[in-house]
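model-v6.cif follows; it contains mmCIF, C-alpha atoms.
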```
data_final
#
loop_
_atom_site.label_atom_id
_atom_site.label_comp_id
_atom_site.auth_asym_id
_atom_site.auth_seq_id
_atom_site.Cartn_x
_atom_site.Cartn_y
_atom_site.Cartn_z
CA ALA A 19 -25.47 -27.43 14.08
CA GLY A 20 -23.98 -24.72 11.90
CA LEU A 21 -23.11 -21.11 12.64
CA ARG A 22 -25.93 -18.72 13.33
CA LEU A 23 -23.98 -15.55 12.51
CA GLY A 24 -27.12 -13.46 12.54
CA MET A 25 -27.55 -14.23 16.24
CA VAL A 26 -24.17 -12.94 17.49
CA ASP A 27 -23.49 -9.39 18.67
CA ASP A 28 -21.29 -6.95 16.76
CA GLU A 29 -18.18 -7.55 18.85
CA ALA A 30 -18.40 -11.34 18.48
CA ALA A 31 -18.86 -10.93 14.72
CA ARG A 32 -15.82 -8.63 14.57
CA VAL A 33 -13.64 -11.10 16.45
CA PHE A 34 -14.88 -13.98 14.31
CA GLY A 35 -14.16 -12.08 11.10
CA ARG A 36 -10.69 -11.05 12.27
CA ASN A 37 -9.76 -14.59 13.28
CA MET A 38 -11.00 -16.06 10.01
CA ALA A 39 -9.08 -13.39 8.06
CA ILE A 40 -5.85 -14.31 9.87
CA LEU A 41 -6.37 -18.00 9.14
CA ALA A 42 -7.15 -17.26 5.49
CA GLY A 43 -3.93 -15.26 5.25
CA ASP A 44 -1.96 -18.18 6.67
CA ILE A 45 -3.45 -20.47 4.03
CA VAL A 46 -2.71 -18.05 1.19
CA HIS A 47 0.91 -17.74 2.30
CA GLY A 48 1.26 -21.52 2.32
CA TRP A 49 -0.25 -21.69 -1.15
CA SER A 50 2.16 -19.07 -2.48
CA VAL A 51 5.17 -21.07 -1.27
CA HIS A 52 3.69 -24.25 -2.71
CA VAL A 53 2.92 -22.69 -6.12
CA LEU A 54 6.40 -21.22 -6.36
CA GLY A 55 7.94 -24.55 -5.37
CA GLN A 56 6.02 -26.27 -8.14
CA ALA A 57 7.44 -23.92 -10.79
CA THR A 58 10.14 -26.47 -11.62
CA HIS A 59 7.40 -28.51 -13.30
CA ASP A 60 6.88 -25.57 -15.68
CA GLY A 61 10.50 -25.66 -16.74
CA ILE A 62 12.00 -23.04 -14.41
CA PRO A 63 15.44 -24.21 -13.20
CA ALA A 64 15.52 -25.42 -9.61
CA GLU A 65 18.28 -22.96 -8.65
CA ILE A 66 16.07 -20.02 -9.66
CA VAL A 67 13.07 -21.44 -7.81
CA ASN A 68 15.20 -21.99 -4.71
CA ALA A 69 16.52 -18.42 -4.91
CA LEU A 70 12.97 -17.06 -5.18
CA LEU A 71 11.76 -19.19 -2.29
CA ALA A 72 14.62 -17.92 -0.14
CA ARG A 73 13.78 -14.34 -1.14
CA LEU A 74 10.08 -14.84 -0.40
CA THR A 75 10.46 -16.47 3.00
CA GLY A 76 13.59 -14.67 4.16
CA TRP A 77 12.80 -11.11 3.05
CA VAL A 78 9.35 -10.55 1.56
CA THR A 79 7.21 -12.14 4.27
CA PRO A 80 9.08 -10.58 7.25
CA GLU A 81 9.02 -7.15 5.58
CA LEU A 82 5.32 -7.33 4.74
CA ILE A 83 4.33 -8.37 8.24
CA SER A 84 6.61 -5.75 9.79
CA GLY A 85 5.08 -3.08 7.57
CA GLU A 86 1.56 -4.08 8.55
CA ALA A 87 2.63 -4.10 12.21
CA LEU A 88 3.92 -0.54 11.88
CA ASP A 89 0.64 0.49 10.24
CA VAL A 90 -1.21 -0.82 13.30
CA GLU A 91 1.29 0.70 15.73
CA TYR A 92 1.20 4.17 14.18
CA VAL A 93 -2.49 4.50 15.05
CA HIS A 94 -1.46 4.63 18.72
CA ARG A 95 1.42 7.08 18.31
CA GLU A 96 1.01 10.77 19.02
CA SER A 97 3.21 11.74 16.08
CA VAL A 98 4.70 10.05 13.03
CA THR A 99 6.90 11.58 10.34
CA VAL A 100 6.32 11.44 6.60
CA ASP A 101 9.55 9.46 6.21
CA GLU A 102 8.33 6.88 8.72
CA ILE A 103 5.02 6.51 6.89
CA GLU A 104 6.68 6.17 3.50
CA ASN A 105 9.01 3.51 4.89
CA MET A 106 5.98 1.66 6.24
CA LEU A 107 4.26 1.90 2.85
CA LEU A 108 7.36 0.52 1.15
CA MET A 109 7.39 -2.44 3.54
CA LYS A 110 3.69 -3.30 3.42
CA THR A 111 3.13 -2.82 -0.32
CA GLY A 112 6.30 -1.92 -2.22
CA VAL A 113 8.17 -5.04 -1.13
CA LEU A 114 5.55 -7.35 -2.59
CA LEU A 115 5.63 -5.55 -5.93
CA GLN A 116 9.43 -5.55 -5.81
CA PHE A 117 9.44 -9.32 -5.42
CA ALA A 118 7.04 -9.76 -8.32
CA ALA A 119 9.24 -7.59 -10.55
CA GLU A 120 12.43 -9.33 -9.42
CA ALA A 121 10.92 -12.77 -10.01
CA GLY A 122 9.83 -11.85 -13.54
CA VAL A 123 13.28 -10.64 -14.53
CA MET A 124 15.07 -13.55 -12.86
CA VAL A 125 12.90 -16.06 -14.68
CA GLY A 126 13.12 -14.13 -17.95
CA LYS A 127 16.91 -13.87 -17.83
CA GLY A 128 17.39 -17.32 -16.37
CA THR A 129 19.43 -16.04 -13.44
CA PRO A 130 19.19 -16.96 -9.73
CA ASP A 131 21.00 -13.72 -8.81
CA TRP A 132 18.60 -11.17 -7.36
CA GLY A 133 21.55 -8.75 -7.26
CA ASP A 134 21.68 -8.72 -11.09
CA ALA A 135 21.60 -5.15 -12.47
CA ASP A 136 18.36 -5.67 -14.43
CA VAL A 137 16.72 -7.34 -11.43
CA ARG A 138 17.63 -4.38 -9.21
CA GLN A 139 16.36 -1.89 -11.81
CA ALA A 140 13.02 -3.68 -12.00
CA SER A 141 12.90 -3.79 -8.21
CA ARG A 142 13.40 -0.01 -7.93
CA PHE A 143 10.68 0.53 -10.53
CA ALA A 144 8.22 -1.58 -8.54
CA ALA A 145 9.10 0.00 -5.18
CA ARG A 146 8.32 3.50 -6.43
CA ALA A 147 5.14 2.33 -8.13
CA GLY A 148 3.99 0.65 -4.92
CA MET A 149 4.48 3.78 -2.85
CA ALA A 150 2.67 5.90 -5.44
CA PHE A 151 -0.21 3.42 -5.36
CA GLN A 152 -0.52 3.73 -1.59
CA LEU A 153 -0.42 7.53 -1.63
CA GLN A 154 -3.13 7.58 -4.28
CA ASP A 155 -5.12 5.12 -2.16
CA ASP A 156 -4.95 7.53 0.78
CA ILE A 157 -6.12 10.39 -1.43
CA LEU A 158 -9.05 8.37 -2.74
CA GLY A 159 -9.88 7.34 0.82
CA MET A 160 -10.61 11.00 1.60
CA PHE A 161 -11.72 12.43 -1.73
CA GLY A 162 -12.90 9.49 -3.84
CA SER A 163 -16.32 8.08 -4.55
CA GLU A 164 -17.57 5.67 -1.89
CA GLU A 165 -19.51 3.74 -4.52
CA ARG A 166 -16.47 3.28 -6.76
CA LEU A 167 -13.98 2.79 -3.94
CA GLY A 168 -15.99 0.07 -2.21
CA LYS A 169 -15.39 1.38 1.33
CA PRO A 170 -16.58 4.33 3.41
CA ILE A 171 -14.95 7.65 2.55
CA CYS A 172 -12.88 9.12 5.42
CA SER A 173 -12.48 5.68 7.01
CA ASP A 174 -8.79 6.46 7.57
CA LEU A 175 -9.82 9.51 9.60
CA ARG A 176 -12.32 7.51 11.64
CA GLU A 177 -9.73 4.81 12.35
CA ARG A 178 -7.05 7.33 13.36
CA LYS A 179 -4.82 5.98 10.61
CA GLN A 180 -1.60 7.90 10.13
CA THR A 181 -1.32 8.84 6.47
CA VAL A 182 0.98 11.22 4.62
CA LEU A 183 -2.12 13.27 3.79
CA LEU A 184 -3.03 13.70 7.47
CA VAL A 185 0.53 14.30 8.72
CA LYS A 186 1.23 16.95 6.07
CA THR A 187 -2.07 18.65 6.89
CA LEU A 188 -1.29 18.84 10.60
CA GLU A 189 2.15 20.24 9.76
CA ALA A 190 0.87 22.98 7.44
CA ALA A 191 -2.59 23.90 8.78
CA THR A 192 -3.27 26.97 10.89
CA PRO A 193 -3.68 26.37 14.64
CA ALA A 194 -7.46 26.72 14.31
CA GLU A 195 -7.67 24.34 11.35
CA ARG A 196 -5.36 21.89 13.11
CA ALA A 197 -7.62 21.90 16.17
CA THR A 198 -10.68 21.37 13.97
CA LEU A 199 -9.12 18.41 12.17
CA GLN A 200 -7.81 16.83 15.37
CA SER A 201 -11.32 17.00 16.83
CA LEU A 202 -12.52 14.84 13.93
CA VAL A 203 -9.73 12.25 14.01
CA GLY A 204 -11.05 9.02 15.52
CA LYS A 205 -14.68 10.15 15.46
CA GLN A 206 -16.72 7.12 14.40
CA GLU A 207 -19.97 8.91 13.59
CA LEU A 208 -18.62 11.44 11.13
CA SER A 209 -21.33 13.52 9.49
CA GLU A 210 -21.23 14.59 5.85
CA GLU A 211 -20.66 18.17 6.99
CA GLU A 212 -17.73 17.13 9.21
CA ALA A 213 -16.21 15.04 6.40
CA ALA A 214 -16.50 18.05 4.09
CA THR A 215 -14.79 20.20 6.73
CA ALA A 216 -11.91 17.70 6.98
CA ARG A 217 -11.49 17.69 3.20
CA ARG A 218 -11.50 21.48 3.13
CA VAL A 219 -8.77 21.71 5.78
CA ILE A 220 -6.66 19.13 3.94
CA THR A 221 -7.05 21.01 0.67
CA ASP A 222 -6.51 24.51 2.08
CA SER A 223 -3.37 23.43 3.93
CA GLY A 224 -1.75 22.36 0.66
CA ALA A 225 -1.41 18.76 1.88
CA LEU A 226 -3.59 17.36 -0.90
CA GLN A 227 -1.49 19.02 -3.59
CA TRP A 228 1.75 18.01 -1.86
CA THR A 229 0.67 14.36 -1.70
CA CYS A 230 -0.47 14.39 -5.34
CA ASP A 231 2.87 15.88 -6.35
CA ARG A 232 4.76 13.31 -4.30
CA ALA A 233 2.86 10.44 -5.93
CA ALA A 234 3.54 11.94 -9.37
CA SER A 235 7.25 12.28 -8.51
CA LEU A 236 7.42 8.61 -7.53
CA VAL A 237 5.74 7.65 -10.79
CA GLY A 238 8.27 9.80 -12.65
CA ASP A 239 11.13 7.99 -10.90
CA ALA A 240 9.53 4.67 -11.81
CA GLU A 241 9.30 5.75 -15.45
CA LYS A 242 13.02 6.51 -15.45
CA CYS A 243 13.72 3.00 -14.13
CA LEU A 244 11.46 1.55 -16.80
CA ALA A 245 13.21 3.51 -19.55
CA ALA A 246 16.36 1.46 -18.95
CA PHE A 247 14.65 -1.59 -20.44
CA PRO A 248 14.20 -2.20 -24.19
CA HIS A 249 11.20 -0.59 -25.82
CA GLY A 250 8.39 -3.02 -26.61
CA PRO A 251 4.85 -4.12 -25.75
CA HIS A 252 5.77 -5.34 -22.27
CA ARG A 253 7.36 -2.04 -21.32
CA GLN A 254 4.31 -0.25 -22.73
CA LEU A 255 2.03 -2.35 -20.54
CA LEU A 256 4.02 -1.40 -17.46
CA LYS A 257 3.89 2.26 -18.50
CA ALA A 258 0.11 2.01 -18.87
CA TRP A 259 -0.05 0.47 -15.39
CA LEU A 260 1.91 3.42 -13.99
CA ASP A 261 -0.49 5.86 -15.64
CA PHE A 262 -3.37 3.99 -14.03
CA LEU A 263 -1.77 4.28 -10.59
CA ILE A 264 -1.72 8.04 -10.69
CA ASP A 265 -5.07 8.54 -12.47
CA ARG A 266 -7.21 5.76 -10.97
CA GLN A 267 -10.48 6.61 -9.23
CA HIS A 268 -11.04 3.32 -7.32
#
```

Rewrite the structure from the file as structure tokens, please.
Amino acid sequence: AGLRLGMVDDEAARVFGRNMAILAGDIVHGWSVHVLGQATHDGIPAEIVNALLARLTGWVTPELISGEALDVEYVHRESVTVDEIENMLLMKTGVLLQFAAEAGVMVGKGTPDWGDADVRQASRFAARAGMAFQLQDDILGMFGSEERLGKPICSDLRERKQTVLLVKTLEAATPAERATLQSLVGKQELSEEEAATARRVITDSGALQWTCDRAASLVGDAEKCLAAFPHGPHRQLLKAWLDFLIDRQH
């Protein structure tokens, strides 16, 4: 008979979308394992493929899911520290980029040892880049262009999401500004005036500048990791990617 999605209420549509997203994620994970397993047909030695599969299933997937779980949990906590948020960001984003960097070096060097010095250096580079990406994402979520970003501005505030930007603001703001911002956290119908007020408090508290500086520091650390590798077009591409992370507008 087909699905008449236009006939369901908002809550039913939300549940349907969530369930389908979970199932799609399960399929994508299965595909990733399958594609990696098939790499032997492209000439990658079986011992390297097996090492990558073990790394993917034994470390990457558990870390990613745990990081996402913390992201969901933090919404319901009264307080979260910056260190806790950064650890969560590393788990939910940095780990995936770490694995990609590790895999590239392992295949390039022909080694199944993810403890190899070059593999670890690439991993550190990717971890710092991933955290910088997430911090910049949080900044754009409050101060970016909704048209370019592709999602509502201040959605993190509406969803009570714990971000470094919000935590640093609440730490540094005056009591009056803190009360103002807390009154807006979780408010679904946020007016343009209220969103502007939230941005002003975040800026005046110094939290915006602190978060920008932290992202830039992480990029600087990543550049130092990258400098350990031979100069060439591939390193230049990674450097350009780092520049994009800190300067991107969407």

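Atom to atom, atom CA of A:Gly112 and atom CA of A:Val137 stand 14.9 Å apart.
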
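You will find atom CA of A:Arg142 at 9.5 Å from atom CA of A:Glu120.
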
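Checking A:Leu71, A:Val51, A:Leu199, A:Ala140 one by one against A:Leu256, counting all atoms listed in the file, you find the shortest gap at A:Ala140.
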
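Here the question is which of A:Ser163, A:Ile171, A:Ala69, A:His252 gets nearest to A:Glu210 using only C-alpha atoms, and that residue is A:Ile171.
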
Quick one: residues within 12 Å of A:Asp101, only C-alpha atoms, excluding same-chain residues fewer than 6 positions away - as a count of residues only? 8

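Distance-wise, atom CA of A:Met106 and atom CA of A:Trp49 end up 25.3 Å apart.
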
Would you please work out which residue, of A:Val203, A:Ala258, A:Ile62, A:Ala233, is nearest to A:Leu175 when using only C-alpha atoms? A:Val203

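Selecting by distance to (-12.8, 17.5, 10.3) with a limit of 8 Å and using all atoms listed in the file, one obtains A:Thr198, A:Leu199, A:Gln200, A:Ser201, A:Leu202, A:Val203, A:Glu212, A:Ala213, A:Ala214, A:Thr215, A:Ala216, A:Arg217, A:Val219.
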
Could you name the residues that touch A:Arg146 at 9 Å or less, counting only C-alpha atoms, but leaving out those on the same chain fewer than 5 positions away, as a VMD selection string? chain A and resid 108 112 141 151 233 236 to 240

Would you tabulate, counting only C-alpha atoms, all residues of stretch 96-213 of chain A that have an atom at most 12 Å from an atom of stretch 52-60 of chain A, showing the closest pair of atoms and their distance in Å to one decimal, sorted by chain then ascending number, as JSON lines?
```
{"residue": "A:Ala118", "atom": "CA", "partner": "A:Leu54", "partner_atom": "CA", "distance": 11.6}
{"residue": "A:Ala121", "atom": "CA", "partner": "A:Leu54", "partner_atom": "CA", "distance": 10.3}
{"residue": "A:Val125", "atom": "CA", "partner": "A:Ala57", "partner_atom": "CA", "distance": 10.3}
```

Take stretch 255-266 of chain A, model all heavy atoms, and hand the result over as a short mmCIF file (atom, residue, chain, number, x, y, z; two decimals), keeping the file's coordinate frame.
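The file below, result.cif, is the result:
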```cif
data_model
loop_
_atom_site.label_atom_id
_atom_site.label_comp_id
_atom_site.auth_asym_id
_atom_site.auth_seq_id
_atom_site.Cartn_x
_atom_site.Cartn_y
_atom_site.Cartn_z
N LEU A 255 3.04 -1.91 -21.50
CA LEU A 255 2.03 -2.35 -20.54
C LEU A 255 2.35 -1.84 -19.13
O LEU A 255 1.46 -1.39 -18.40
CB LEU A 255 1.94 -3.88 -20.53
CG LEU A 255 1.20 -4.51 -21.71
CD1 LEU A 255 1.35 -6.03 -21.67
CD2 LEU A 255 -0.28 -4.13 -21.70
N LEU A 256 3.62 -1.90 -18.76
CA LEU A 256 4.02 -1.40 -17.46
C LEU A 256 3.85 0.12 -17.37
O LEU A 256 3.47 0.65 -16.32
CB LEU A 256 5.47 -1.79 -17.17
CG LEU A 256 5.70 -3.28 -16.91
CD1 LEU A 256 7.18 -3.59 -16.80
CD2 LEU A 256 4.96 -3.74 -15.65
N LYS A 257 4.11 0.81 -18.47
CA LYS A 257 3.89 2.26 -18.50
C LYS A 257 2.41 2.58 -18.34
O LYS A 257 2.02 3.51 -17.62
CB LYS A 257 4.41 2.83 -19.83
CG LYS A 257 4.12 4.32 -20.04
CD LYS A 257 4.77 5.17 -18.99
CE LYS A 257 4.69 6.67 -19.35
NZ LYS A 257 3.30 7.15 -19.40
N ALA A 258 1.56 1.81 -18.99
CA ALA A 258 0.11 2.01 -18.87
C ALA A 258 -0.34 1.76 -17.43
O ALA A 258 -1.22 2.46 -16.91
CB ALA A 258 -0.63 1.08 -19.83
N TRP A 259 0.26 0.77 -16.80
CA TRP A 259 -0.05 0.47 -15.39
C TRP A 259 0.33 1.64 -14.50
O TRP A 259 -0.42 2.03 -13.60
CB TRP A 259 0.68 -0.80 -14.97
CG TRP A 259 0.48 -1.19 -13.55
CD1 TRP A 259 -0.68 -1.50 -12.93
CD2 TRP A 259 1.50 -1.32 -12.54
NE1 TRP A 259 -0.48 -1.84 -11.62
CE2 TRP A 259 0.86 -1.72 -11.35
CE3 TRP A 259 2.88 -1.14 -12.55
CZ2 TRP A 259 1.56 -1.94 -10.17
CZ3 TRP A 259 3.58 -1.37 -11.38
CH2 TRP A 259 2.92 -1.76 -10.20
N LEU A 260 1.49 2.25 -14.75
CA LEU A 260 1.91 3.42 -13.99
C LEU A 260 0.93 4.57 -14.16
O LEU A 260 0.57 5.25 -13.19
CB LEU A 260 3.30 3.87 -14.45
CG LEU A 260 4.51 3.19 -13.82
CD1 LEU A 260 5.78 3.72 -14.45
CD2 LEU A 260 4.53 3.41 -12.33
N ASP A 261 0.49 4.80 -15.39
CA ASP A 261 -0.49 5.86 -15.64
C ASP A 261 -1.77 5.60 -14.86
O ASP A 261 -2.40 6.54 -14.34
CB ASP A 261 -0.80 5.95 -17.14
CG ASP A 261 0.41 6.43 -17.94
OD1 ASP A 261 1.31 7.05 -17.35
OD2 ASP A 261 0.43 6.17 -19.16
N PHE A 262 -2.17 4.34 -14.79
CA PHE A 262 -3.37 3.99 -14.03
C PHE A 262 -3.20 4.30 -12.55
O PHE A 262 -4.13 4.78 -11.89
CB PHE A 262 -3.69 2.50 -14.23
CG PHE A 262 -4.68 1.96 -13.24
CD1 PHE A 262 -6.03 2.26 -13.35
CD2 PHE A 262 -4.28 1.15 -12.19
CE1 PHE A 262 -6.96 1.77 -12.45
CE2 PHE A 262 -5.19 0.66 -11.27
CZ PHE A 262 -6.53 0.97 -11.40
N LEU A 263 -2.01 4.05 -12.01
CA LEU A 263 -1.77 4.28 -10.59
C LEU A 263 -2.03 5.72 -10.19
O LEU A 263 -2.59 6.00 -9.14
CB LEU A 263 -0.32 3.91 -10.23
CG LEU A 263 0.06 2.43 -10.22
CD1 LEU A 263 1.50 2.29 -9.73
CD2 LEU A 263 -0.87 1.64 -9.33
N ILE A 264 -1.60 6.64 -11.04
CA ILE A 264 -1.72 8.04 -10.69
C ILE A 264 -3.08 8.63 -11.05
O ILE A 264 -3.51 9.64 -10.48
CB ILE A 264 -0.59 8.86 -11.37
CG1 ILE A 264 -0.31 10.15 -10.60
CG2 ILE A 264 -0.91 9.14 -12.82
CD1 ILE A 264 0.26 9.95 -9.23
N ASP A 265 -3.79 8.00 -11.99
CA ASP A 265 -5.07 8.54 -12.47
C ASP A 265 -6.30 7.77 -11.97
O ASP A 265 -7.42 8.20 -12.19
CB ASP A 265 -5.12 8.56 -14.00
CG ASP A 265 -4.09 9.51 -14.58
OD1 ASP A 265 -3.81 10.53 -13.95
OD2 ASP A 265 -3.58 9.22 -15.68
N ARG A 266 -6.07 6.63 -11.31
CA ARG A 266 -7.21 5.76 -10.97
C ARG A 266 -8.17 6.46 -10.00
O ARG A 266 -7.79 7.33 -9.22
CB ARG A 266 -6.72 4.45 -10.34
CG ARG A 266 -6.08 4.60 -8.96
CD ARG A 266 -5.38 3.31 -8.54
NE ARG A 266 -4.80 3.48 -7.21
CZ ARG A 266 -5.43 3.16 -6.08
NH1 ARG A 266 -6.65 2.67 -6.13
NH2 ARG A 266 -4.85 3.34 -4.92
#
```
